[in-house]
Amino acid sequence: MTVTEPSAAPAAEPLLLELRDVYAGYGPFRSLFGVDLQIPPRSVLALLGANGSGKTTVVRVASGLIVPTAGHLYFDGTDVTGQRAYRLAQQGVVHAPEGRSVFASLTVEDNLVLTFREVFGRRGTKAKLEQAYELFPRMGERRRQLAGTLSGGEQRMLSLARVLVRGPKLLITDELSLGLAPVIIDEVYETLGTIRDSGCSLMIVEQHVHQALTLADQVVVLAKGRVVLSGTREEMGDLSEKLLPAVHGEL
Ligand code: ATP
């Protein structure tokens, strides 16, 4: 008689993104010194720090624009250190462009059609448009409006709609709320929440600490190219007397 072994506990899901002891810079200029950072699937990491602390450099490493001089980058369980940005993009790393990257003199719909046709061809475009309007109902309402006449927040939503349709596993946003009115920042963050709920992980680079904490599961604070504080959002809540000085480079 054969005895059936109890099934082993399911293997832990691999991290979606991991930077392990990463050093990186620009030619002779060193910007990151042994940065460790982890993003599990379907979670949000807020990357905080003062100007020049290395946030954008981390983003560039994570999206393959800069190759670490030492250390490793893993995506979805695979060592992807040294892979080019376009290869990482094909695997699901999408870097949302800064600011309002839309064609101002085209309608909302033409902006979307232009992007979708390039990726999905004429036939695939209709379904993708419907998908985009489902995720961003405001874009559906304003489909005939010229993109240049949308509010700042709406223009950011439109640029997100353009990149999201590629079905990213990880969306990286760099200073998405820069220059927006608080009420509009709330709307943009609501959209980010919807994106997270759709199963995509997020790395959010933000100056607005409190805003980032509304959505983040994990927080990492950089200063002078090093991680000076990291933990869950709850832990950061308890560390508020440390968090703000760290973000402002005073630790
Ligand atoms: P900010 O919030 O001001 O964008 P940041 O936290 O994103 O800052 P980085 O842009 O990553 O910081 O810069 C980290 C360090 O790398 C800084 O000392 C900066 O001067 C340097 N650096 C950034 N880009 C370059 C570059 N193209 N060439 C040389 N040094 C650079």
# chains A, B, ... in the order shown; residues from 1 in each chain; ligands from 1
$ residues_around --residues "Val80 in chain A" --least-positions-apart "4" --cutoff "12 Å" --atoms "only C-alpha atoms" --output "NGL selection string"
:A and (16-20 or 61-64 or 67-68 or 71-76 or 84-85 or 87-89 or 91 or 93)
$ residues_near_ligand --ligand "ligand 1" --cutoff "10 Å" --atoms "only C-alpha atoms and all ligand atoms" --output "ChimeraX atom specification"
/A:24-32,47-61,174-175,205-207,221-225
$ write_last_selection --atoms "N, CA, C and O atoms" --output "short mmCIF file (atom, residue, chain, number, x, y, z; two decimals), in the first residue's frame"
data_model
loop_
_atom_site.label_atom_id
_atom_site.label_comp_id
_atom_site.auth_asym_id
_atom_site.auth_seq_id
_atom_site.Cartn_x
_atom_site.Cartn_y
_atom_site.Cartn_z
N ALA A 24 26.08 51.83 -7.74
CA ALA A 24 25.89 52.33 -9.10
C ALA A 24 26.23 53.80 -9.15
O ALA A 24 26.31 54.47 -8.10
N GLY A 25 26.45 54.31 -10.35
CA GLY A 25 26.76 55.73 -10.49
C GLY A 25 26.82 56.12 -11.95
O GLY A 25 26.26 55.43 -12.82
N TYR A 26 27.46 57.23 -12.19
CA TYR A 26 27.53 57.79 -13.54
C TYR A 26 29.01 58.02 -13.84
O TYR A 26 29.60 58.97 -13.32
N GLY A 27 29.60 57.15 -14.65
CA GLY A 27 31.02 57.26 -14.92
C GLY A 27 31.78 57.25 -13.59
O GLY A 27 31.56 56.37 -12.74
N PRO A 28 32.61 58.26 -13.36
CA PRO A 28 33.40 58.27 -12.12
C PRO A 28 32.58 58.68 -10.89
O PRO A 28 33.05 58.55 -9.76
N PHE A 29 31.34 59.17 -11.09
CA PHE A 29 30.54 59.63 -9.94
C PHE A 29 29.78 58.47 -9.32
O PHE A 29 29.00 57.82 -10.00
N ARG A 30 30.03 58.22 -8.04
CA ARG A 30 29.33 57.14 -7.33
C ARG A 30 28.07 57.70 -6.69
O ARG A 30 28.11 58.73 -6.04
N SER A 31 26.93 57.02 -6.89
CA SER A 31 25.67 57.53 -6.34
C SER A 31 24.98 56.57 -5.38
O SER A 31 24.26 57.00 -4.49
N LEU A 32 25.15 55.25 -5.56
CA LEU A 32 24.52 54.27 -4.66
C LEU A 32 25.59 53.40 -4.04
O LEU A 32 26.52 52.95 -4.73
N LEU A 47 9.62 54.99 -2.14
CA LEU A 47 11.05 55.29 -2.04
C LEU A 47 11.16 56.78 -1.77
O LEU A 47 10.76 57.62 -2.59
N LEU A 48 11.69 57.11 -0.59
CA LEU A 48 11.72 58.50 -0.15
C LEU A 48 13.15 58.95 0.07
O LEU A 48 14.06 58.12 0.23
N GLY A 49 13.35 60.25 0.12
CA GLY A 49 14.69 60.78 0.39
C GLY A 49 14.80 62.20 -0.12
O GLY A 49 14.03 62.63 -0.99
N ALA A 50 15.77 62.91 0.43
CA ALA A 50 15.97 64.31 0.03
C ALA A 50 16.50 64.38 -1.40
O ALA A 50 16.86 63.36 -1.99
N ASN A 51 16.56 65.59 -1.95
CA ASN A 51 17.14 65.78 -3.28
C ASN A 51 18.55 65.23 -3.31
O ASN A 51 19.33 65.48 -2.38
N GLY A 52 18.86 64.50 -4.36
CA GLY A 52 20.23 64.00 -4.52
C GLY A 52 20.54 62.78 -3.68
O GLY A 52 21.69 62.32 -3.62
N SER A 53 19.52 62.18 -3.02
CA SER A 53 19.79 61.02 -2.15
C SER A 53 19.97 59.73 -2.93
O SER A 53 20.44 58.74 -2.37
N GLY A 54 19.56 59.74 -4.21
CA GLY A 54 19.77 58.55 -5.04
C GLY A 54 18.50 57.86 -5.53
O GLY A 54 18.57 56.79 -6.13
N LYS A 55 17.35 58.49 -5.31
CA LYS A 55 16.08 57.84 -5.67
C LYS A 55 16.01 57.55 -7.17
O LYS A 55 15.68 56.44 -7.60
N THR A 56 16.31 58.59 -7.98
CA THR A 56 16.21 58.40 -9.43
C THR A 56 17.22 57.37 -9.91
O THR A 56 16.95 56.60 -10.83
N THR A 57 18.37 57.32 -9.25
CA THR A 57 19.38 56.32 -9.65
C THR A 57 18.86 54.91 -9.36
O THR A 57 19.04 54.00 -10.18
N VAL A 58 18.17 54.73 -8.22
CA VAL A 58 17.57 53.42 -7.93
C VAL A 58 16.56 53.06 -9.01
O VAL A 58 16.53 51.94 -9.52
N VAL A 59 15.74 54.05 -9.38
CA VAL A 59 14.73 53.81 -10.43
C VAL A 59 15.42 53.40 -11.74
O VAL A 59 14.97 52.47 -12.42
N ARG A 60 16.51 54.08 -12.05
CA ARG A 60 17.21 53.76 -13.30
C ARG A 60 17.82 52.35 -13.26
O ARG A 60 17.83 51.65 -14.26
N VAL A 61 18.32 51.96 -12.08
CA VAL A 61 18.85 50.60 -11.95
C VAL A 61 17.70 49.60 -12.11
O VAL A 61 17.81 48.62 -12.85
N ASP A 174 7.89 58.26 -10.83
CA ASP A 174 8.89 59.18 -10.28
C ASP A 174 8.25 60.56 -10.15
O ASP A 174 7.95 61.20 -11.15
N GLU A 175 8.04 60.99 -8.92
CA GLU A 175 7.49 62.33 -8.64
C GLU A 175 6.20 62.60 -9.44
O GLU A 175 6.06 63.65 -10.05
N VAL A 205 8.22 56.87 -6.20
CA VAL A 205 9.21 57.83 -5.72
C VAL A 205 8.47 59.13 -5.44
O VAL A 205 7.77 59.64 -6.32
N GLU A 206 8.56 59.60 -4.23
CA GLU A 206 7.67 60.70 -3.83
C GLU A 206 8.36 61.69 -2.91
O GLU A 206 9.20 61.31 -2.10
N GLN A 207 8.00 62.95 -3.05
CA GLN A 207 8.45 63.98 -2.10
C GLN A 207 7.40 64.14 -0.99
O GLN A 207 7.72 64.51 0.12
N VAL A 221 13.89 54.69 2.90
CA VAL A 221 14.38 56.07 2.86
C VAL A 221 15.88 56.03 2.53
O VAL A 221 16.64 55.30 3.17
N LEU A 222 16.26 56.84 1.54
CA LEU A 222 17.66 56.93 1.15
C LEU A 222 18.26 58.24 1.63
O LEU A 222 17.57 59.27 1.69
N ALA A 223 19.54 58.21 1.94
CA ALA A 223 20.31 59.45 2.18
C ALA A 223 21.72 59.19 1.66
O ALA A 223 22.32 58.15 1.97
N LYS A 224 22.20 60.10 0.83
CA LYS A 224 23.55 59.99 0.27
C LYS A 224 23.82 58.60 -0.30
O LYS A 224 24.89 58.01 -0.07
N GLY A 225 22.83 58.06 -1.02
CA GLY A 225 23.05 56.80 -1.72
C GLY A 225 22.99 55.55 -0.86
O GLY A 225 23.35 54.47 -1.33
#
$ closest_residue --among "A:Phe103, A:Phe116, A:Tyr86, A:Tyr133" --to "Gln155 in chain A" --atoms "only C-alpha atoms"
A:Phe103
$ select_by_dssp --residues "range 7-62 of chain A" --states "strand (DSSP E)" --output "ChimeraX atom specification"
/A:17-26,29-39,44-49
$ closest_residue --among "A:Ala246, A:Leu176, A:Met157, A:Ala46" --to "Thr194 in chain A" --atoms "only C-alpha atoms"
A:Met157
$ residues_around --residues "Arg162 in chain A" --least-positions-apart "2" --cutoff "9 Å" --atoms "only C-alpha atoms" --output "PDB file with all heavy atoms, in the first residue's frame"
ATOM      1  N   VAL A 102       1.839  63.730 -22.858  1.00  0.00           N
ATOM      2  CA  VAL A 102       0.707  63.501 -23.767  1.00  0.00           C
ATOM      3  C   VAL A 102       0.864  64.424 -24.971  1.00  0.00           C
ATOM      4  O   VAL A 102       1.622  65.385 -24.925  1.00  0.00           O
ATOM      5  CB  VAL A 102      -0.641  63.809 -23.071  1.00  0.00           C
ATOM      6  CG1 VAL A 102      -0.839  62.917 -21.859  1.00  0.00           C
ATOM      7  CG2 VAL A 102      -0.753  65.265 -22.659  1.00  0.00           C
ATOM      8  N   ASN A 111      -4.759  60.129 -28.450  1.00  0.00           N
ATOM      9  CA  ASN A 111      -3.533  59.833 -27.702  1.00  0.00           C
ATOM     10  C   ASN A 111      -3.438  58.331 -27.415  1.00  0.00           C
ATOM     11  O   ASN A 111      -2.390  57.718 -27.577  1.00  0.00           O
ATOM     12  CB  ASN A 111      -3.535  60.586 -26.364  1.00  0.00           C
ATOM     13  CG  ASN A 111      -2.807  61.912 -26.441  1.00  0.00           C
ATOM     14  OD1 ASN A 111      -1.597  61.971 -26.292  1.00  0.00           O
ATOM     15  ND2 ASN A 111      -3.547  62.980 -26.709  1.00  0.00           N
ATOM     16  N   LEU A 112      -4.583  57.778 -26.983  1.00  0.00           N
ATOM     17  CA  LEU A 112      -4.575  56.352 -26.633  1.00  0.00           C
ATOM     18  C   LEU A 112      -4.436  55.485 -27.880  1.00  0.00           C
ATOM     19  O   LEU A 112      -3.640  54.545 -27.922  1.00  0.00           O
ATOM     20  CB  LEU A 112      -5.861  56.000 -25.873  1.00  0.00           C
ATOM     21  CG  LEU A 112      -5.982  56.646 -24.491  1.00  0.00           C
ATOM     22  CD1 LEU A 112      -7.346  56.380 -23.880  1.00  0.00           C
ATOM     23  CD2 LEU A 112      -4.894  56.125 -23.556  1.00  0.00           C
ATOM     24  N   THR A 115      -0.936  55.158 -29.220  1.00  0.00           N
ATOM     25  CA  THR A 115      -0.080  54.231 -28.459  1.00  0.00           C
ATOM     26  C   THR A 115      -0.492  52.789 -28.701  1.00  0.00           C
ATOM     27  O   THR A 115       0.346  51.921 -28.934  1.00  0.00           O
ATOM     28  CB  THR A 115      -0.225  54.501 -26.940  1.00  0.00           C
ATOM     29  OG1 THR A 115      -0.118  55.895 -26.739  1.00  0.00           O
ATOM     30  CG2 THR A 115       0.822  53.788 -26.140  1.00  0.00           C
ATOM     31  N   PHE A 116      -1.811  52.537 -28.642  1.00  0.00           N
ATOM     32  CA  PHE A 116      -2.281  51.151 -28.694  1.00  0.00           C
ATOM     33  C   PHE A 116      -2.059  50.532 -30.075  1.00  0.00           C
ATOM     34  O   PHE A 116      -1.737  49.353 -30.185  1.00  0.00           O
ATOM     35  CB  PHE A 116      -3.776  51.070 -28.335  1.00  0.00           C
ATOM     36  CG  PHE A 116      -4.088  51.546 -26.934  1.00  0.00           C
ATOM     37  CD1 PHE A 116      -5.396  51.726 -26.509  1.00  0.00           C
ATOM     38  CD2 PHE A 116      -3.069  51.810 -26.034  1.00  0.00           C
ATOM     39  CE1 PHE A 116      -5.674  52.163 -25.222  1.00  0.00           C
ATOM     40  CE2 PHE A 116      -3.330  52.252 -24.746  1.00  0.00           C
ATOM     41  CZ  PHE A 116      -4.640  52.426 -24.347  1.00  0.00           C
ATOM     42  N   ALA A 132      -8.909  50.578 -21.067  1.00  0.00           N
ATOM     43  CA  ALA A 132      -8.376  51.823 -20.504  1.00  0.00           C
ATOM     44  C   ALA A 132      -9.512  52.651 -19.898  1.00  0.00           C
ATOM     45  O   ALA A 132      -9.364  53.214 -18.801  1.00  0.00           O
ATOM     46  CB  ALA A 132      -7.657  52.619 -21.585  1.00  0.00           C
ATOM     47  N   MET A 157      -3.096  61.082 -15.573  1.00  0.00           N
ATOM     48  CA  MET A 157      -3.872  59.841 -15.710  1.00  0.00           C
ATOM     49  C   MET A 157      -3.782  59.320 -17.129  1.00  0.00           C
ATOM     50  O   MET A 157      -3.651  58.123 -17.368  1.00  0.00           O
ATOM     51  CB  MET A 157      -5.337  60.087 -15.370  1.00  0.00           C
ATOM     52  CG  MET A 157      -5.598  60.114 -13.901  1.00  0.00           C
ATOM     53  SD  MET A 157      -7.339  60.431 -13.624  1.00  0.00           S
ATOM     54  CE  MET A 157      -7.253  61.211 -12.032  1.00  0.00           C
ATOM     55  N   LEU A 158      -3.847  60.265 -18.100  1.00  0.00           N
ATOM     56  CA  LEU A 158      -3.773  59.851 -19.500  1.00  0.00           C
ATOM     57  C   LEU A 158      -2.406  59.218 -19.792  1.00  0.00           C
ATOM     58  O   LEU A 158      -2.326  58.179 -20.451  1.00  0.00           O
ATOM     59  CB  LEU A 158      -4.042  61.058 -20.418  1.00  0.00           C
ATOM     60  CG  LEU A 158      -3.989  60.794 -21.914  1.00  0.00           C
ATOM     61  CD1 LEU A 158      -4.933  59.672 -22.335  1.00  0.00           C
ATOM     62  CD2 LEU A 158      -4.340  62.077 -22.706  1.00  0.00           C
ATOM     63  N   SER A 159      -1.341  59.822 -19.243  1.00  0.00           N
ATOM     64  CA  SER A 159      -0.034  59.192 -19.514  1.00  0.00           C
ATOM     65  C   SER A 159       0.069  57.834 -18.841  1.00  0.00           C
ATOM     66  O   SER A 159       0.663  56.907 -19.382  1.00  0.00           O
ATOM     67  CB  SER A 159       1.168  60.070 -19.176  1.00  0.00           C
ATOM     68  OG  SER A 159       0.901  60.967 -18.172  1.00  0.00           O
ATOM     69  N   LEU A 160      -0.588  57.678 -17.668  1.00  0.00           N
ATOM     70  CA  LEU A 160      -0.596  56.359 -17.023  1.00  0.00           C
ATOM     71  C   LEU A 160      -1.392  55.357 -17.856  1.00  0.00           C
ATOM     72  O   LEU A 160      -0.983  54.205 -18.026  1.00  0.00           O
ATOM     73  CB  LEU A 160      -1.228  56.450 -15.632  1.00  0.00           C
ATOM     74  CG  LEU A 160      -0.359  56.998 -14.512  1.00  0.00           C
ATOM     75  CD1 LEU A 160      -1.146  57.098 -13.220  1.00  0.00           C
ATOM     76  CD2 LEU A 160       0.863  56.112 -14.294  1.00  0.00           C
ATOM     77  N   LEU A 164       0.015  51.817 -18.982  1.00  0.00           N
ATOM     78  CA  LEU A 164      -0.534  50.670 -18.271  1.00  0.00           C
ATOM     79  C   LEU A 164      -1.063  49.580 -19.150  1.00  0.00           C
ATOM     80  O   LEU A 164      -1.136  48.425 -18.781  1.00  0.00           O
ATOM     81  CB  LEU A 164      -1.687  51.145 -17.397  1.00  0.00           C
ATOM     82  CG  LEU A 164      -1.249  51.550 -16.037  1.00  0.00           C
ATOM     83  CD1 LEU A 164      -2.443  51.890 -15.220  1.00  0.00           C
ATOM     84  CD2 LEU A 164      -0.470  50.424 -15.393  1.00  0.00           C
ATOM     85  N   VAL A 165      -1.449  49.998 -20.331  1.00  0.00           N
ATOM     86  CA  VAL A 165      -2.087  49.048 -21.209  1.00  0.00           C
ATOM     87  C   VAL A 165      -1.109  47.975 -21.675  1.00  0.00           C
ATOM     88  O   VAL A 165      -1.480  46.943 -22.179  1.00  0.00           O
ATOM     89  CB  VAL A 165      -2.756  49.838 -22.343  1.00  0.00           C
ATOM     90  CG1 VAL A 165      -1.849  50.017 -23.482  1.00  0.00           C
ATOM     91  CG2 VAL A 165      -4.096  49.283 -22.619  1.00  0.00           C
ATOM     92  N   ARG A 166       0.174  48.212 -21.409  1.00  0.00           N
ATOM     93  CA  ARG A 166       1.160  47.168 -21.722  1.00  0.00           C
ATOM     94  C   ARG A 166       1.127  46.051 -20.683  1.00  0.00           C
ATOM     95  O   ARG A 166       1.900  45.106 -20.769  1.00  0.00           O
ATOM     96  CB  ARG A 166       2.565  47.772 -21.772  1.00  0.00           C
ATOM     97  CG  ARG A 166       2.747  48.662 -22.988  1.00  0.00           C
ATOM     98  CD  ARG A 166       4.037  49.434 -22.921  1.00  0.00           C
ATOM     99  NE  ARG A 166       4.064  50.453 -23.943  1.00  0.00           N
ATOM    100  CZ  ARG A 166       4.788  50.360 -25.049  1.00  0.00           C
ATOM    101  NH1 ARG A 166       5.534  49.311 -25.266  1.00  0.00           N
ATOM    102  NH2 ARG A 166       4.746  51.320 -25.941  1.00  0.00           N
TER     103      ARG A 166
END
$ select_by_dssp --residues "range 50-111 of chain A" --states "helix (DSSP H, G or I)" --output "PyMOL selection string"
chain A and resi 55-62+85-91+108-111
$ write_last_selection --atoms "N, CA and C atoms" --output "compact mmCIF listing (two decimals), in the first residue's frame"
# COMPACT_ATOMS: atom_id res chain seq x y z
N LYS A 55 17.35 58.49 -5.31
CA LYS A 55 16.08 57.84 -5.67
C LYS A 55 16.01 57.55 -7.17
N THR A 56 16.31 58.59 -7.98
CA THR A 56 16.21 58.40 -9.43
C THR A 56 17.22 57.37 -9.91
N THR A 57 18.37 57.32 -9.25
CA THR A 57 19.38 56.32 -9.65
C THR A 57 18.86 54.91 -9.36
N VAL A 58 18.17 54.73 -8.22
CA VAL A 58 17.57 53.42 -7.93
C VAL A 58 16.56 53.06 -9.01
N VAL A 59 15.74 54.05 -9.38
CA VAL A 59 14.73 53.81 -10.43
C VAL A 59 15.42 53.40 -11.74
N ARG A 60 16.51 54.08 -12.05
CA ARG A 60 17.21 53.76 -13.30
C ARG A 60 17.82 52.35 -13.26
N VAL A 61 18.32 51.96 -12.08
CA VAL A 61 18.85 50.60 -11.95
C VAL A 61 17.70 49.60 -12.11
N ALA A 62 16.58 49.87 -11.42
CA ALA A 62 15.46 48.93 -11.43
C ALA A 62 14.86 48.76 -12.82
N ALA A 85 17.15 47.95 -20.68
CA ALA A 85 15.82 48.45 -20.29
C ALA A 85 14.71 47.85 -21.14
N TYR A 86 14.95 47.70 -22.44
CA TYR A 86 13.86 47.20 -23.29
C TYR A 86 13.52 45.74 -22.97
N ARG A 87 14.55 44.97 -22.52
CA ARG A 87 14.31 43.57 -22.16
C ARG A 87 13.49 43.52 -20.86
N LEU A 88 13.81 44.40 -19.92
CA LEU A 88 13.04 44.43 -18.67
C LEU A 88 11.62 44.92 -18.94
N ALA A 89 11.49 45.85 -19.85
CA ALA A 89 10.14 46.34 -20.20
C ALA A 89 9.31 45.20 -20.77
N GLN A 90 9.92 44.38 -21.60
CA GLN A 90 9.20 43.23 -22.18
C GLN A 90 8.74 42.27 -21.08
N GLN A 91 9.52 42.22 -19.98
CA GLN A 91 9.15 41.30 -18.89
C GLN A 91 8.17 41.92 -17.91
N VAL A 108 -8.06 62.94 -26.26
CA VAL A 108 -7.70 61.87 -25.33
C VAL A 108 -7.67 60.54 -26.09
N GLU A 109 -8.74 60.31 -26.86
CA GLU A 109 -8.83 59.02 -27.56
C GLU A 109 -7.71 58.85 -28.58
N ASP A 110 -7.39 59.93 -29.31
CA ASP A 110 -6.31 59.82 -30.30
C ASP A 110 -4.97 59.54 -29.64
N ASN A 111 -4.76 60.13 -28.45
CA ASN A 111 -3.53 59.83 -27.70
C ASN A 111 -3.44 58.33 -27.41
$ closest_residue --among "A:Leu171, A:Val119, A:Val219, A:Met236" --to "Arg196 in chain A" --atoms "only C-alpha atoms"
A:Leu171
$ closest_residue --among "A:Gln211, A:Ala216, A:Ala127, A:Val247" --to "Thr232 in chain A" --atoms "only C-alpha atoms"
A:Ala216
$ residues_around --residues "Ser198 in chain A" --least-positions-apart "6" --cutoff "12 Å" --atoms "only C-alpha atoms" --output "list in words"
Pro41, Arg42, Ser43, Gln131, Glu134, Leu135, Leu164, Val165, Gly167, Pro168, Lys169, Leu170, Leu171, Thr191 and Leu192 of chain A
$ atom_distance --atom1 "CA of Gly153 in chain A" --atom2 "CA of Gly193 in chain A"
14.9 Å
$ atom_distance --atom1 "CA of Pro137 in chain A" --atom2 "CA of His95 in chain A"
22.3 Å
$ atom_distance --atom1 "CA of Thr107 in chain A" --atom2 "CA of Val163 in chain A"
16.9 Å
$ decode --residues "range 89-98 of chain A" --atoms "all heavy atoms" --output "PDB file, in the first residue's frame"
ATOM      1  N   ALA A  89      11.488  45.852 -19.846  1.00  0.00           N
ATOM      2  CA  ALA A  89      10.142  46.342 -20.197  1.00  0.00           C
ATOM      3  C   ALA A  89       9.309  45.200 -20.775  1.00  0.00           C
ATOM      4  O   ALA A  89       8.127  45.046 -20.444  1.00  0.00           O
ATOM      5  CB  ALA A  89      10.249  47.498 -21.187  1.00  0.00           C
ATOM      6  N   GLN A  90       9.924  44.377 -21.599  1.00  0.00           N
ATOM      7  CA  GLN A  90       9.198  43.233 -22.176  1.00  0.00           C
ATOM      8  C   GLN A  90       8.744  42.272 -21.078  1.00  0.00           C
ATOM      9  O   GLN A  90       7.724  41.606 -21.208  1.00  0.00           O
ATOM     10  CB  GLN A  90      10.097  42.464 -23.147  1.00  0.00           C
ATOM     11  CG  GLN A  90      10.285  43.168 -24.473  1.00  0.00           C
ATOM     12  CD  GLN A  90      11.408  42.514 -25.298  1.00  0.00           C
ATOM     13  OE1 GLN A  90      12.196  41.709 -24.798  1.00  0.00           O
ATOM     14  NE2 GLN A  90      11.466  42.873 -26.570  1.00  0.00           N
ATOM     15  N   GLN A  91       9.516  42.216 -19.980  1.00  0.00           N
ATOM     16  CA  GLN A  91       9.155  41.298 -18.888  1.00  0.00           C
ATOM     17  C   GLN A  91       8.165  41.916 -17.911  1.00  0.00           C
ATOM     18  O   GLN A  91       7.715  41.258 -16.983  1.00  0.00           O
ATOM     19  CB  GLN A  91      10.417  40.875 -18.134  1.00  0.00           C
ATOM     20  CG  GLN A  91      11.321  39.991 -18.971  1.00  0.00           C
ATOM     21  CD  GLN A  91      12.665  39.790 -18.282  1.00  0.00           C
ATOM     22  OE1 GLN A  91      12.733  39.223 -17.205  1.00  0.00           O
ATOM     23  NE2 GLN A  91      13.717  40.281 -18.885  1.00  0.00           N
ATOM     24  N   GLY A  92       7.856  43.207 -18.096  1.00  0.00           N
ATOM     25  CA  GLY A  92       6.804  43.804 -17.277  1.00  0.00           C
ATOM     26  C   GLY A  92       7.212  44.944 -16.369  1.00  0.00           C
ATOM     27  O   GLY A  92       6.443  45.350 -15.504  1.00  0.00           O
ATOM     28  N   VAL A  93       8.430  45.476 -16.544  1.00  0.00           N
ATOM     29  CA  VAL A  93       8.822  46.651 -15.759  1.00  0.00           C
ATOM     30  C   VAL A  93       8.499  47.896 -16.580  1.00  0.00           C
ATOM     31  O   VAL A  93       9.057  48.088 -17.659  1.00  0.00           O
ATOM     32  CB  VAL A  93      10.336  46.655 -15.445  1.00  0.00           C
ATOM     33  CG1 VAL A  93      10.705  47.874 -14.608  1.00  0.00           C
ATOM     34  CG2 VAL A  93      10.738  45.379 -14.727  1.00  0.00           C
ATOM     35  N   VAL A  94       7.603  48.701 -16.070  1.00  0.00           N
ATOM     36  CA  VAL A  94       7.225  49.899 -16.817  1.00  0.00           C
ATOM     37  C   VAL A  94       7.497  51.131 -15.970  1.00  0.00           C
ATOM     38  O   VAL A  94       7.099  51.207 -14.808  1.00  0.00           O
ATOM     39  CB  VAL A  94       5.740  49.849 -17.242  1.00  0.00           C
ATOM     40  CG1 VAL A  94       5.283  51.203 -17.729  1.00  0.00           C
ATOM     41  CG2 VAL A  94       5.543  48.827 -18.340  1.00  0.00           C
ATOM     42  N   HIS A  95       8.201  52.068 -16.567  1.00  0.00           N
ATOM     43  CA  HIS A  95       8.567  53.302 -15.890  1.00  0.00           C
ATOM     44  C   HIS A  95       7.651  54.404 -16.422  1.00  0.00           C
ATOM     45  O   HIS A  95       7.737  54.760 -17.591  1.00  0.00           O
ATOM     46  CB  HIS A  95      10.040  53.586 -16.233  1.00  0.00           C
ATOM     47  CG  HIS A  95      10.613  54.729 -15.490  1.00  0.00           C
ATOM     48  ND1 HIS A  95      11.917  55.098 -15.595  1.00  0.00           N
ATOM     49  CD2 HIS A  95      10.055  55.583 -14.619  1.00  0.00           C
ATOM     50  CE1 HIS A  95      12.147  56.124 -14.829  1.00  0.00           C
ATOM     51  NE2 HIS A  95      11.027  56.440 -14.230  1.00  0.00           N
ATOM     52  N   ALA A  96       6.764  54.901 -15.556  1.00  0.00           N
ATOM     53  CA  ALA A  96       5.848  55.955 -16.019  1.00  0.00           C
ATOM     54  C   ALA A  96       6.640  57.226 -16.269  1.00  0.00           C
ATOM     55  O   ALA A  96       7.439  57.620 -15.415  1.00  0.00           O
ATOM     56  CB  ALA A  96       4.783  56.203 -14.967  1.00  0.00           C
ATOM     57  N   PRO A  97       6.452  57.827 -17.419  1.00  0.00           N
ATOM     58  CA  PRO A  97       7.218  59.034 -17.710  1.00  0.00           C
ATOM     59  C   PRO A  97       6.889  60.131 -16.711  1.00  0.00           C
ATOM     60  O   PRO A  97       5.766  60.219 -16.223  1.00  0.00           O
ATOM     61  CB  PRO A  97       6.761  59.417 -19.114  1.00  0.00           C
ATOM     62  CG  PRO A  97       5.472  58.705 -19.322  1.00  0.00           C
ATOM     63  CD  PRO A  97       5.485  57.493 -18.444  1.00  0.00           C
ATOM     64  N   GLU A  98       7.894  60.959 -16.409  1.00  0.00           N
ATOM     65  CA  GLU A  98       7.653  62.081 -15.504  1.00  0.00           C
ATOM     66  C   GLU A  98       6.755  63.091 -16.202  1.00  0.00           C
ATOM     67  O   GLU A  98       6.791  63.214 -17.413  1.00  0.00           O
ATOM     68  CB  GLU A  98       8.974  62.760 -15.156  1.00  0.00           C
ATOM     69  CG  GLU A  98       9.662  62.121 -13.972  1.00  0.00           C
ATOM     70  CD  GLU A  98      10.968  62.798 -13.644  1.00  0.00           C
ATOM     71  OE1 GLU A  98      10.919  63.960 -13.232  1.00  0.00           O
ATOM     72  OE2 GLU A  98      12.018  62.165 -13.813  1.00  0.00           O
TER      73      GLU A  98
END
